[in-house]
>>> print(open('coords-v8.txt').read())   # compact mmCIF, C-alpha atoms
# COMPACT_ATOMS: atom_id res chain seq x y z
CA MET A 139 2.35 -9.15 39.11
CA GLN A 140 2.12 -7.74 35.60
CA GLU A 141 -0.14 -9.38 33.12
CA ALA A 142 1.44 -10.47 29.88
CA LYS A 143 0.45 -8.07 27.12
CA ILE A 144 -1.07 -9.89 24.22
CA GLN A 145 -0.98 -7.97 20.98
CA ARG A 146 -3.95 -8.67 18.76
CA ASN A 147 -3.84 -7.21 15.29
CA PRO A 148 -6.45 -6.47 12.67
CA GLY A 149 -6.73 -9.09 9.98
CA SER A 150 -8.41 -9.52 6.65
CA ILE A 151 -10.42 -12.23 4.98
CA THR A 152 -10.54 -11.78 1.24
CA LEU A 153 -13.23 -13.53 -0.77
CA THR A 154 -12.39 -13.67 -4.46
CA LEU A 155 -15.91 -13.67 -5.80
CA THR A 156 -14.89 -14.10 -9.41
CA ASP A 157 -11.82 -14.76 -11.55
CA ALA A 158 -13.39 -12.68 -14.34
CA CYS A 159 -13.02 -8.99 -15.07
CA ASN A 160 -14.75 -6.61 -17.46
CA LEU A 161 -11.53 -4.65 -18.11
CA ARG A 162 -8.14 -5.55 -19.60
CA CYS A 163 -5.70 -3.28 -17.77
CA SER A 164 -2.25 -3.02 -19.31
CA TYR A 165 -0.28 -4.07 -16.21
CA CYS A 166 -2.68 -6.64 -14.74
CA TYR A 167 -0.89 -9.42 -12.86
CA GLU A 168 -3.85 -11.80 -13.04
CA HIS A 169 -2.72 -13.81 -16.05
CA HIS A 170 -5.07 -16.78 -15.62
CA LYS A 171 -8.52 -15.24 -15.53
CA SER A 172 -11.48 -17.56 -15.95
CA THR A 173 -15.20 -17.74 -15.36
CA ASN A 174 -14.75 -19.28 -11.89
CA ARG A 175 -17.17 -17.77 -9.36
CA MET A 176 -17.55 -18.20 -5.62
CA SER A 177 -20.94 -19.53 -4.53
CA PHE A 178 -22.85 -18.04 -1.63
CA GLU A 179 -22.57 -21.36 0.22
CA THR A 180 -18.76 -21.41 -0.09
CA ALA A 181 -18.53 -17.83 1.20
CA ARG A 182 -20.94 -18.55 4.06
CA ASP A 183 -18.94 -21.61 5.18
CA ILE A 184 -15.69 -19.60 5.14
CA LEU A 185 -17.14 -16.75 7.19
CA ASP A 186 -18.85 -19.12 9.62
CA ARG A 187 -15.36 -20.40 10.44
CA GLU A 188 -13.39 -17.15 10.26
CA LEU A 189 -15.73 -14.93 12.25
CA VAL A 190 -15.74 -17.34 15.19
CA ASN A 191 -12.78 -17.92 17.50
CA THR A 192 -10.46 -15.68 15.51
CA ASP A 193 -7.28 -14.44 17.20
CA MET A 194 -7.51 -11.16 15.29
CA GLU A 195 -8.53 -7.91 16.97
CA SER A 196 -10.89 -7.12 14.12
CA LEU A 197 -11.50 -8.37 10.61
CA THR A 198 -12.03 -6.75 7.28
CA ILE A 199 -14.08 -8.89 4.94
CA ASP A 200 -12.73 -7.92 1.56
CA PHE A 201 -14.45 -8.67 -1.74
CA PHE A 202 -12.01 -9.11 -4.57
CA GLY A 203 -11.77 -10.29 -8.15
CA GLY A 204 -11.44 -9.94 -11.11
CA GLU A 205 -14.09 -7.30 -10.75
CA PRO A 206 -16.18 -8.24 -7.72
CA PHE A 207 -19.23 -6.21 -8.77
CA LEU A 208 -19.76 -8.74 -11.57
CA GLU A 209 -21.09 -10.85 -8.68
CA PHE A 210 -23.09 -8.16 -6.92
CA PRO A 211 -26.09 -10.43 -6.05
CA THR A 212 -23.75 -12.85 -4.22
CA MET A 213 -21.91 -9.98 -2.53
CA LYS A 214 -25.17 -8.51 -1.29
CA ARG A 215 -26.44 -11.88 -0.05
CA ILE A 216 -23.19 -12.48 1.90
CA CYS A 217 -23.45 -9.06 3.57
CA GLU A 218 -27.07 -9.58 4.52
CA TYR A 219 -26.21 -13.00 5.98
CA VAL A 220 -23.39 -11.58 8.11
CA TRP A 221 -25.35 -8.53 9.22
CA SER A 222 -28.22 -10.75 10.36
CA ARG A 223 -26.13 -12.54 13.01
CA ASP A 224 -23.93 -11.79 16.04
CA TRP A 225 -20.22 -12.62 15.77
CA ASP A 226 -17.22 -12.87 18.11
CA VAL A 227 -15.22 -10.15 16.40
CA GLU A 228 -15.67 -6.63 15.07
CA TYR A 229 -15.72 -6.53 11.30
CA LYS A 230 -16.28 -4.30 8.34
CA PHE A 231 -16.79 -4.97 4.67
CA PHE A 232 -14.54 -3.69 1.95
CA VAL A 233 -14.45 -4.04 -1.82
CA SER A 234 -11.68 -3.30 -4.30
CA THR A 235 -13.18 -2.20 -7.60
CA ASN A 236 -12.50 -0.61 -10.95
CA GLY A 237 -15.70 1.42 -10.44
CA THR A 238 -17.20 0.80 -13.86
CA LEU A 239 -20.19 -1.20 -12.57
CA VAL A 240 -21.12 1.17 -9.74
CA HIS A 241 -24.34 2.54 -11.15
CA GLY A 242 -28.07 2.17 -10.54
CA GLU A 243 -28.93 -0.47 -7.93
CA VAL A 244 -25.28 -1.04 -6.97
CA ARG A 245 -24.73 2.66 -6.41
CA ASP A 246 -27.90 3.07 -4.32
CA TRP A 247 -27.06 0.02 -2.21
CA LEU A 248 -23.50 1.23 -1.53
CA ALA A 249 -24.65 4.73 -0.60
CA GLY A 250 -27.13 3.20 1.84
CA HIS A 251 -24.43 1.11 3.54
CA ARG A 252 -21.47 3.45 3.37
CA GLU A 253 -20.85 3.34 7.14
CA SER A 254 -20.32 -0.41 7.22
CA PHE A 255 -19.18 -1.11 3.68
CA TRP A 256 -16.03 0.61 2.40
CA VAL A 257 -15.11 0.95 -1.23
CA GLY A 258 -11.58 1.25 -2.57
CA LEU A 259 -11.33 2.53 -6.12
CA SER A 260 -8.49 1.89 -8.55
CA TYR A 261 -8.01 4.86 -10.88
CA ASP A 262 -4.72 5.84 -12.48
CA GLY A 263 -4.44 9.64 -12.54
CA THR A 264 -6.18 11.90 -15.02
CA PRO A 265 -9.00 10.42 -17.14
CA ALA A 266 -6.58 10.23 -20.07
CA MET A 267 -3.99 8.36 -17.99
CA ASN A 268 -6.65 6.03 -16.62
CA ASN A 269 -7.87 5.33 -20.16
CA LEU A 270 -4.33 4.51 -21.23
CA ASN A 271 -3.80 1.95 -18.44
CA ARG A 272 -7.30 0.75 -17.74
CA ASP A 273 -9.04 -0.17 -20.96
CA ARG A 274 -10.58 3.23 -21.79
CA SER A 275 -12.87 3.02 -18.78
CA SER A 276 -12.78 6.61 -17.45
CA ASP A 277 -16.17 7.69 -18.79
CA GLU A 278 -17.86 4.83 -16.90
CA ILE A 279 -16.54 5.90 -13.47
CA ASP A 280 -18.21 8.49 -11.24
CA LEU A 281 -15.25 9.85 -9.24
CA PRO A 282 -17.29 12.30 -7.09
CA PHE A 283 -19.47 9.42 -5.87
CA PHE A 284 -16.45 7.64 -4.39
CA ALA A 285 -14.80 10.82 -3.06
CA SER A 286 -17.96 12.02 -1.33
CA ASN A 287 -19.02 8.73 0.23
CA TRP A 288 -15.59 7.51 1.45
CA PRO A 289 -13.61 10.75 1.81
CA THR A 290 -10.82 9.26 3.94
CA GLN A 291 -10.29 6.27 1.68
CA GLY A 292 -7.24 6.72 -0.53
CA ILE A 293 -7.48 6.03 -4.22
CA LYS A 294 -5.28 3.36 -5.76
CA MET A 295 -3.17 4.77 -8.60
CA THR A 296 -0.86 2.42 -10.45
CA VAL A 297 1.85 3.98 -12.57
CA SER A 298 2.88 2.33 -15.83
CA ARG A 299 5.75 3.27 -18.12
CA GLU A 300 3.18 4.98 -20.33
CA THR A 301 1.84 7.17 -17.52
CA LEU A 302 5.02 7.88 -15.52
CA PRO A 303 5.77 11.01 -17.61
CA ASN A 304 2.49 12.47 -16.27
CA LEU A 305 2.76 11.22 -12.69
CA ALA A 306 2.66 14.68 -11.10
CA GLU A 307 -0.30 15.83 -13.18
CA GLY A 308 -2.21 12.65 -12.31
CA VAL A 309 -1.58 12.90 -8.57
CA ARG A 310 -2.56 16.59 -8.50
CA PHE A 311 -5.74 15.80 -10.42
CA LEU A 312 -6.78 13.14 -7.91
CA HIS A 313 -6.04 15.46 -4.98
CA GLU A 314 -8.27 18.06 -6.65
CA GLN A 315 -11.06 15.46 -6.73
CA GLY A 316 -10.69 15.07 -2.96
CA PHE A 317 -8.67 11.86 -2.74
CA SER A 318 -5.51 11.00 -0.89
CA VAL A 319 -3.35 9.04 -3.31
CA ASN A 320 -1.74 5.64 -2.89
CA CYS A 321 0.44 5.37 -5.95
CA ASN A 322 3.04 2.82 -6.90
CA LEU A 323 5.01 1.73 -9.92
CA ALA A 324 3.49 -1.27 -11.66
CA TYR A 325 5.32 -4.48 -10.89
CA GLY A 326 6.21 -6.46 -13.99
CA PRO A 327 7.34 -3.85 -16.56
CA ASP A 328 11.07 -3.51 -17.23
CA TRP A 329 12.14 -0.41 -15.28
CA ASP A 330 15.83 -1.10 -15.77
CA SER A 331 16.86 2.04 -17.55
CA GLY A 332 18.37 5.34 -16.49
CA HIS A 333 15.66 6.94 -18.61
CA TRP A 334 12.89 5.91 -16.20
CA ASN A 335 14.91 7.19 -13.27
CA ASP A 336 15.32 10.56 -14.98
CA VAL A 337 11.58 10.74 -15.65
CA LEU A 338 10.76 9.77 -12.06
CA GLN A 339 13.14 12.40 -10.67
CA SER A 340 11.55 15.11 -12.76
CA GLN A 341 8.01 14.09 -11.79
CA LEU A 342 8.83 13.83 -8.08
CA MET A 343 10.43 17.28 -8.16
CA GLU A 344 7.20 18.68 -9.60
CA LEU A 345 5.24 16.99 -6.83
CA ILE A 346 7.61 18.25 -4.14
CA ASP A 347 7.09 21.82 -5.34
CA PHE A 348 3.32 21.20 -5.16
CA TYR A 349 3.40 19.76 -1.61
CA VAL A 350 5.70 22.52 -0.33
CA GLU A 351 3.12 25.05 -1.51
CA ASN A 352 0.27 22.93 -0.08
CA PRO A 353 1.53 21.53 3.23
CA HIS A 354 -2.03 20.67 4.35
CA ILE A 355 -2.28 17.97 1.65
CA LYS A 356 -0.98 14.54 2.66
CA PRO A 357 1.72 13.63 0.15
CA CYS A 358 1.07 10.64 -2.09
CA SER A 359 2.51 7.36 -0.86
CA MET A 360 5.65 7.69 -2.99
CA LEU A 361 6.48 10.77 -0.92
CA SER A 362 5.27 9.42 2.42
CA MET A 363 8.09 7.05 3.24
CA GLU A 364 8.71 6.78 6.97
CA ILE A 365 12.21 8.24 6.69
CA PRO A 366 13.02 8.38 10.43
CA TYR A 367 13.49 4.62 10.29
CA VAL A 368 16.57 5.08 8.10
CA ALA A 369 18.41 6.87 10.92
CA VAL A 370 18.01 3.85 13.20
CA ALA A 371 18.30 1.13 10.57
CA ASP A 372 21.15 -0.53 12.47
CA ARG A 373 18.93 -0.94 15.54
CA LEU A 374 15.83 -2.31 13.84
CA GLU A 375 14.97 -5.95 13.49
CA TYR A 376 13.59 -6.93 10.12
CA THR A 377 9.82 -7.00 10.24
CA LYS A 378 7.47 -8.55 7.78
CA TRP A 379 6.43 -6.07 5.10
CA CYS A 380 2.76 -6.98 4.80
CA GLY A 381 0.14 -9.36 6.12
CA ALA A 382 0.57 -12.05 3.45
CA GLY A 383 0.20 -15.51 4.92
CA THR A 384 -0.36 -14.24 8.47
CA ASN A 385 -2.86 -11.41 8.95
CA MET A 386 -4.28 -11.92 5.47
CA LYS A 387 -6.22 -14.93 4.27
CA VAL A 388 -7.38 -14.97 0.68
CA TYR A 389 -9.96 -17.46 -0.53
CA SER A 390 -10.20 -18.31 -4.21
CA PRO A 391 -13.64 -19.07 -5.72
CA ASP A 392 -13.36 -22.79 -4.89
CA GLY A 393 -12.71 -22.01 -1.21
CA THR A 394 -8.95 -22.70 -1.11
CA CYS A 395 -7.03 -20.35 1.19
CA TYR A 396 -3.89 -18.58 -0.14
CA PRO A 397 -1.34 -16.22 1.51
CA CYS A 398 -2.55 -13.24 -0.54
CA HIS A 399 -4.40 -12.65 -3.79
CA PHE A 400 -1.14 -12.66 -5.73
CA PHE A 401 -0.67 -16.36 -4.94
CA GLU A 402 -4.07 -17.39 -6.29
CA PRO A 403 -4.30 -19.62 -9.38
CA MET A 404 -5.87 -16.69 -11.24
CA ALA A 405 -2.60 -14.76 -10.80
CA VAL A 406 0.25 -17.26 -10.95
CA GLY A 407 -1.39 -20.41 -12.34
CA LYS A 408 -2.44 -23.58 -10.60
CA GLU A 409 0.99 -25.16 -10.14
CA MET A 410 2.66 -22.14 -8.53
CA ALA A 411 -0.43 -21.44 -6.46
CA GLU A 412 -0.26 -24.94 -4.99
CA ARG A 413 3.43 -24.47 -4.25
CA SER A 414 2.68 -21.27 -2.36
CA LEU A 415 0.62 -23.22 0.17
CA THR A 416 3.81 -24.72 1.63
CA ILE A 417 5.55 -21.38 2.29
CA ASP A 418 6.08 -20.40 5.92
CA PHE A 419 5.33 -16.70 6.38
CA ALA A 420 5.50 -16.73 10.16
CA ASN A 421 9.27 -16.31 10.50
CA ALA A 422 9.96 -12.72 9.48
CA ALA A 423 13.74 -13.13 9.51
CA GLN A 424 13.54 -15.70 6.74
CA LEU A 425 11.63 -13.28 4.49
CA LYS A 426 14.51 -10.81 4.22
CA ASP A 427 16.29 -10.41 0.89
CA ARG A 428 19.91 -11.15 1.83
CA ASP A 429 21.17 -9.13 -1.13
CA CYS A 430 19.91 -6.08 0.76
CA ASP A 431 22.01 -6.71 3.89
CA GLY A 432 23.70 -3.49 4.93
CA CYS A 433 21.37 -1.18 3.00
CA ILE A 434 20.03 1.54 5.28
CA LEU A 435 16.90 1.84 3.13
CA MET A 436 15.79 -1.67 4.08
CA PRO A 437 13.22 -0.43 6.65
CA ILE A 438 11.43 1.74 4.08
CA CYS A 439 12.03 -0.18 0.85
CA PRO A 440 8.82 -1.85 -0.33
CA THR A 441 8.72 -5.47 -1.26
CA CYS A 442 5.91 -7.68 -2.52
CA TYR A 443 6.31 -11.34 -1.65
CA GLY A 444 3.73 -12.30 -4.25
CA SER A 445 5.36 -10.35 -7.05
CA ASN A 446 8.77 -11.74 -6.08
CA PHE A 447 7.35 -15.26 -6.13
CA ALA A 448 5.72 -14.82 -9.53
CA ALA A 449 8.91 -13.43 -11.07
CA THR A 450 11.54 -15.67 -9.48
CA GLY A 451 9.80 -18.44 -7.52
CA ASP A 452 11.37 -16.98 -4.36
CA ILE A 453 9.25 -14.72 -2.16
CA THR A 454 12.31 -12.91 -0.77
CA LYS A 455 13.92 -11.79 -4.04
CA LYS A 456 13.09 -8.19 -4.85
CA ASP A 457 12.98 -6.81 -8.37
CA ARG A 458 16.43 -5.26 -8.77
CA ASP A 459 15.12 -3.00 -11.53
CA LEU A 460 13.23 -1.08 -8.87
CA CYS A 461 16.28 -0.58 -6.64
CA ALA A 462 17.53 2.60 -8.32
CA LEU A 463 14.02 4.03 -8.43
CA THR A 464 13.50 3.32 -4.71
CA LYS A 465 16.75 5.15 -3.93
CA THR A 466 15.46 8.09 -5.95
CA MET A 467 12.22 8.04 -3.97
CA ALA A 468 14.12 7.97 -0.67
CA MET A 469 16.18 10.98 -1.73
CA ALA A 470 13.03 12.76 -2.88
CA ASN A 471 11.37 12.10 0.49
CA SER A 472 14.35 13.52 2.35
CA TYR A 473 14.38 16.56 0.08
CA LEU A 474 10.63 17.17 0.52
CA TRP A 475 10.92 17.07 4.30
CA TYR A 476 14.00 19.28 4.24
CA ARG A 477 12.05 21.96 2.39
CA LEU A 478 8.96 21.59 4.60
CA LEU A 479 10.95 21.78 7.84
CA ASP A 480 12.96 24.71 6.51
CA ARG A 481 9.87 26.70 5.54
CA TYR A 482 7.17 25.88 8.11
CA ASP A 483 7.01 25.68 11.88
CA ASP A 484 5.76 22.63 13.77
CA ASP A 485 2.19 23.87 14.17
CA GLU A 486 1.88 24.57 10.46
CA LEU A 487 3.04 21.02 9.71
CA GLY A 488 1.01 19.43 12.50
CA ILE A 489 4.07 17.84 14.14
CA ASN A 490 5.83 18.19 17.48
CA ARG A 491 9.49 18.82 18.30
CA GLU A 492 10.24 15.12 18.69
CA ARG A 493 8.82 14.36 15.27
CA ARG A 494 10.87 17.21 13.79
CA LYS A 495 13.98 15.72 15.35
CA LEU A 496 13.19 12.22 13.99
CA LEU A 497 12.53 13.58 10.51
CA THR A 498 15.73 15.61 10.60
CA ASP A 499 17.74 12.53 11.57
CA GLY A 500 16.11 10.65 8.71
CA ILE A 501 16.95 13.38 6.22
CA VAL A 502 20.58 13.44 7.32
CA ALA A 503 20.89 9.64 7.23
CA ILE A 504 19.51 9.40 3.69
CA GLN A 505 21.62 12.27 2.38
CA ASP A 506 24.76 10.81 3.98
CA GLY A 507 23.85 7.35 2.71
CA PHE A 508 23.53 8.59 -0.85
CA THR A 509 27.28 9.16 -1.08
CA ASN A 510 27.83 5.49 -0.14
CA ASP A 511 25.05 4.10 -2.34
CA PHE A 512 23.14 3.50 0.93
CA LYS A 513 25.33 0.55 1.90
CA THR A 514 26.50 1.94 5.20
CA LEU A 515 25.81 -0.75 7.74
CA GLY A 516 27.95 -3.67 8.84
CA MET B 974 20.58 13.60 -8.55
CA PRO B 975 18.40 16.70 -8.08
CA PHE B 976 17.53 16.04 -4.42
CA VAL B 977 20.99 16.39 -2.90
CA ILE B 978 21.21 18.85 0.01
CA GLU B 979 24.45 20.67 0.76
CA LYS B 980 26.28 19.53 3.91
CA GLN B 981 26.19 23.06 5.27
CA GLN B 982 22.39 23.18 4.96
CA LEU B 983 22.06 19.79 6.64
CA ASN B 984 24.19 20.94 9.54
CA ALA B 985 22.05 24.05 9.91
CA LEU B 986 18.91 21.93 9.98
CA SER B 987 20.36 19.55 12.56
CA ALA B 988 21.34 22.48 14.74
CA THR B 989 17.70 23.48 15.07
CA VAL B 990 16.89 20.24 16.91
CA SER B 991 20.16 19.63 18.71
CA ASP B 992 18.43 20.13 22.08
CA VAL B 993 15.74 17.50 21.38
CA HIS B 994 16.28 13.98 22.67
CA THR B 995 14.12 11.07 21.58
CA ASN B 996 14.20 7.34 21.85
CA ALA B 997 13.67 6.99 18.14
CA VAL B 998 12.71 3.33 18.11
CA VAL B 999 10.11 3.79 20.81
CA ALA B 1000 8.81 7.02 19.35
CA MET B 1001 8.09 5.43 15.99
CA GLY B 1002 5.06 3.52 17.08
CA GLU B 1003 2.83 4.53 14.24
CA CYS B 1004 2.53 2.91 10.86
CA PRO B 1005 4.77 1.55 9.37
CA GLY B 1006 5.27 -1.34 11.72
CA GLY B 1007 2.40 -0.05 13.79
CA ARG B 1008 -0.98 -1.25 14.84
CA CYS B 1009 -1.54 -3.97 12.29
CA GLY B 1010 1.96 -5.35 12.64
CA ASN B 1011 2.73 -4.65 9.02
CA ASN B 1012 4.79 -1.83 7.62
CA CYS B 1013 3.46 -1.48 4.11
CA SER B 1014 2.62 2.18 4.75
CA GLY B 1015 0.46 2.41 1.69
CA THR B 1016 3.26 1.34 -0.61
CA CYS B 1017 1.88 -2.11 -1.29
CA ALA B 1018 1.37 -2.53 -4.98
CA TRP B 1019 -2.11 -3.96 -4.81
CA SER B 1020 -5.44 -3.72 -3.18
CA PRO B 1021 -6.59 -4.88 -0.74
CA CYS B 1022 -3.49 -4.27 1.41
CA THR B 1023 -3.22 -0.60 0.52
CA ASN B 1024 -6.92 -0.08 0.83
CA LEU B 1025 -7.13 -1.95 4.11
CA CYS B 1026 -4.39 0.25 5.45
CA ALA B 1027 -6.47 3.32 4.78
CA ALA B 1028 -9.69 1.68 5.88
CA THR B 1029 -8.26 0.76 9.26
CA SER B 1030 -7.16 4.39 9.69
CA HIS B 1031 -3.43 3.77 9.97
>>> encode(input="coords-v8.txt", output="structure tokens")
Amino acid sequence: MQEAKIQRNPGSITLTLTDACNLRCSYCYEHHKSTNRMSFETARDILDRELVNTDMESLTIDFFGGEPFLEFPTMKRICEYVWSRDWDVEYKFFVSTNGTLVHGEVRDWLAGHRESFWVGLSYDGTPAMNNLNRDRSSDEIDLPFFASNWPTQGIKMTVSRETLPNLAEGVRFLHEQGFSVNCNLAYGPDWDSGHWNDVLQSQLMELIDFYVENPHIKPCSMLSMEIPYVAVADRLEYTKWCGAGTNMKVYSPDGTCYPCHFFEPMAVGKEMAERSLTIDFANAAQLKDRDCDGCILMPICPTCYGSNFAATGDITKKDRDLCALTKTMAMANSYLWYRLLDRYDDDELGINRERRKLLTDGIVAIQDGFTNDFKTLG
Amino acid sequence: MPFVIEKQQLNALSATVSDVHTNAVVAMGECPGGRCGNNCSGTCAWSPCTNLCAATSH
């Protein structure tokens, strides 16, 4: 008799240590910042619950803000508390930071714990681009420190309308510093203009030329769409896009649990945050944007339930302004892989024949779909 | 659109893998839709999702 296979997934527990930040980034979605701080006792009580009897395979304990290093003494105390005890589940610590407070004692402490404490840095391209988006903070951030201590951790690069014209330069710069690059267009700005699509096309073409000449570099996330899915879009069930409300639990400073950080009072205000507590995230089928029915790009088209909720009050409704830009990205991904497969053999690309076949099918599906505006199902 | 590939070139590319057979749905076990059950694939707009994705080595 076969045993039932139980799938246990990694999960995350985010502790928002503070609603305050020392920067004023141009695209920040946290519109209700305050001086609220999480106490050590609140954090301890949360972790005492979450690290016992969890149904997750492993947990990441994520420190978030605002800027979490504003509360470094609390962060350190929480870590020392957790490290001093045995727990039922494997865990690691993680912090999302703007990097400006990582100096002196903080820097020494992080370097000493780099195996068990991961750091994710937000930095938006070249120093000039980062200054433009992120409150002139570039001079305060030691990029080599982050690249050398967490070399496999991608850097978080948000692209604003002001920095999109230099997207390619910014991505190349961060690769030169040793980072892989997770880049995305900022949610919130009005992208509804053919102008932005023209700029994006030009920048992605520059990046494609770069990656074709440097096939050993992992393309930035805009050019890492999983295009084989498009070829089998008619056979795929809709799956939830992220862990919001299921694998993710986010605790605000007062200890209330939200589906993700975007639903916290700091981001959407108290009233909407309370409303988010009634949303059922467990039924993936109900999270699908019905306006996208029939679009073959559905399996690779990003959505953000929190951003949708903040903009429309409905977690399923995607920002239509981004639709044309996503189609451009899909075409760019197919074009990049066409050029890579045409120029290099499997060993040079680190793929096998099956993967080549899947990628080829994805390329063909996207290119065919383009002539039908990608509405080719049903 | 600058990324359009001529039909003739697409056919030539497809011909190079015409002998390969895969069960595409089964073969795509990696992220997205992989180990963590999510499929954000590093395209999530915000930390910590994106960062967690990298940190859990997807």
>>> residues_around(input="coords-v8.txt", residues="Asp183 (chain A)", least_positions_apart="5", cutoff="10 Å", atoms="all atoms listed in the file", output="PyMOL selection string")
chain A and resi 178+188+393
>>> interface_residues(input="coords-v8.txt", of="chain A", to="chain B", cutoff="6 Å", atoms="only C-alpha atoms", output="list in words")
Asn147, Pro148, Gly258, Gln291, Asn322, Ser359, Trp379, Cys380, Met469, Ala470, Tyr473 and Lys495 of chain A
>>> closest_residue(input="coords-v8.txt", among="A:His241, A:Ala448, A:His251, A:Ser318", to="His399 (chain A)", atoms="only C-alpha atoms")
A:Ala448
>>> atom_distance(input="coords-v8.txt", atom1="CA of Tyr325 (chain A)", atom2="CA of Phe447 (chain A)")
12.0 Å
>>> residues_around(input="coords-v8.txt", residues="region 244-248 of chain A", least_positions_apart="3", cutoff="12 Å", atoms="all atoms listed in the file", output="PyMOL selection string")
chain A and resi 206-211+213-214+217-218+231-233+237-241+251-258+279-280+283-284+287-288
>>> atom_distance(input="coords-v8.txt", atom1="CA of Lys465 (chain A)", atom2="CA of Cys358 (chain A)")
16.7 Å
>>> atom_distance(input="coords-v8.txt", atom1="CA of Cys430 (chain A)", atom2="CA of Asp459 (chain A)")
13.5 Å
>>> residues_around(input="coords-v8.txt", residues="Phe202 (chain A)", least_positions_apart="5", cutoff="7 Å", atoms="all atoms listed in the file", output="list in words")
Thr152, Leu153, Thr154, Leu155, Val233 and Ser234 of chain A
>>> write_last_selection(input="coords-v8.txt", atoms="C-alpha atoms", output="short mmCIF file (atom, residue, chain, number, x, y, z; two decimals), keeping the file's coordinate frame")
data_model
loop_
_atom_site.label_atom_id
_atom_site.label_comp_id
_atom_site.auth_asym_id
_atom_site.auth_seq_id
_atom_site.Cartn_x
_atom_site.Cartn_y
_atom_site.Cartn_z
CA THR A 152 -10.54 -11.78 1.24
CA LEU A 153 -13.23 -13.53 -0.77
CA THR A 154 -12.39 -13.67 -4.46
CA LEU A 155 -15.91 -13.67 -5.80
CA VAL A 233 -14.45 -4.04 -1.82
CA SER A 234 -11.68 -3.30 -4.30
#
>>> residues_around(input="coords-v8.txt", residues="Glu278 (chain A)", least_positions_apart="3", cutoff="12 Å", atoms="all atoms listed in the file", output="ChimeraX atom specification")
/A:160-161,236-241,261,265,268-269,272-275,281
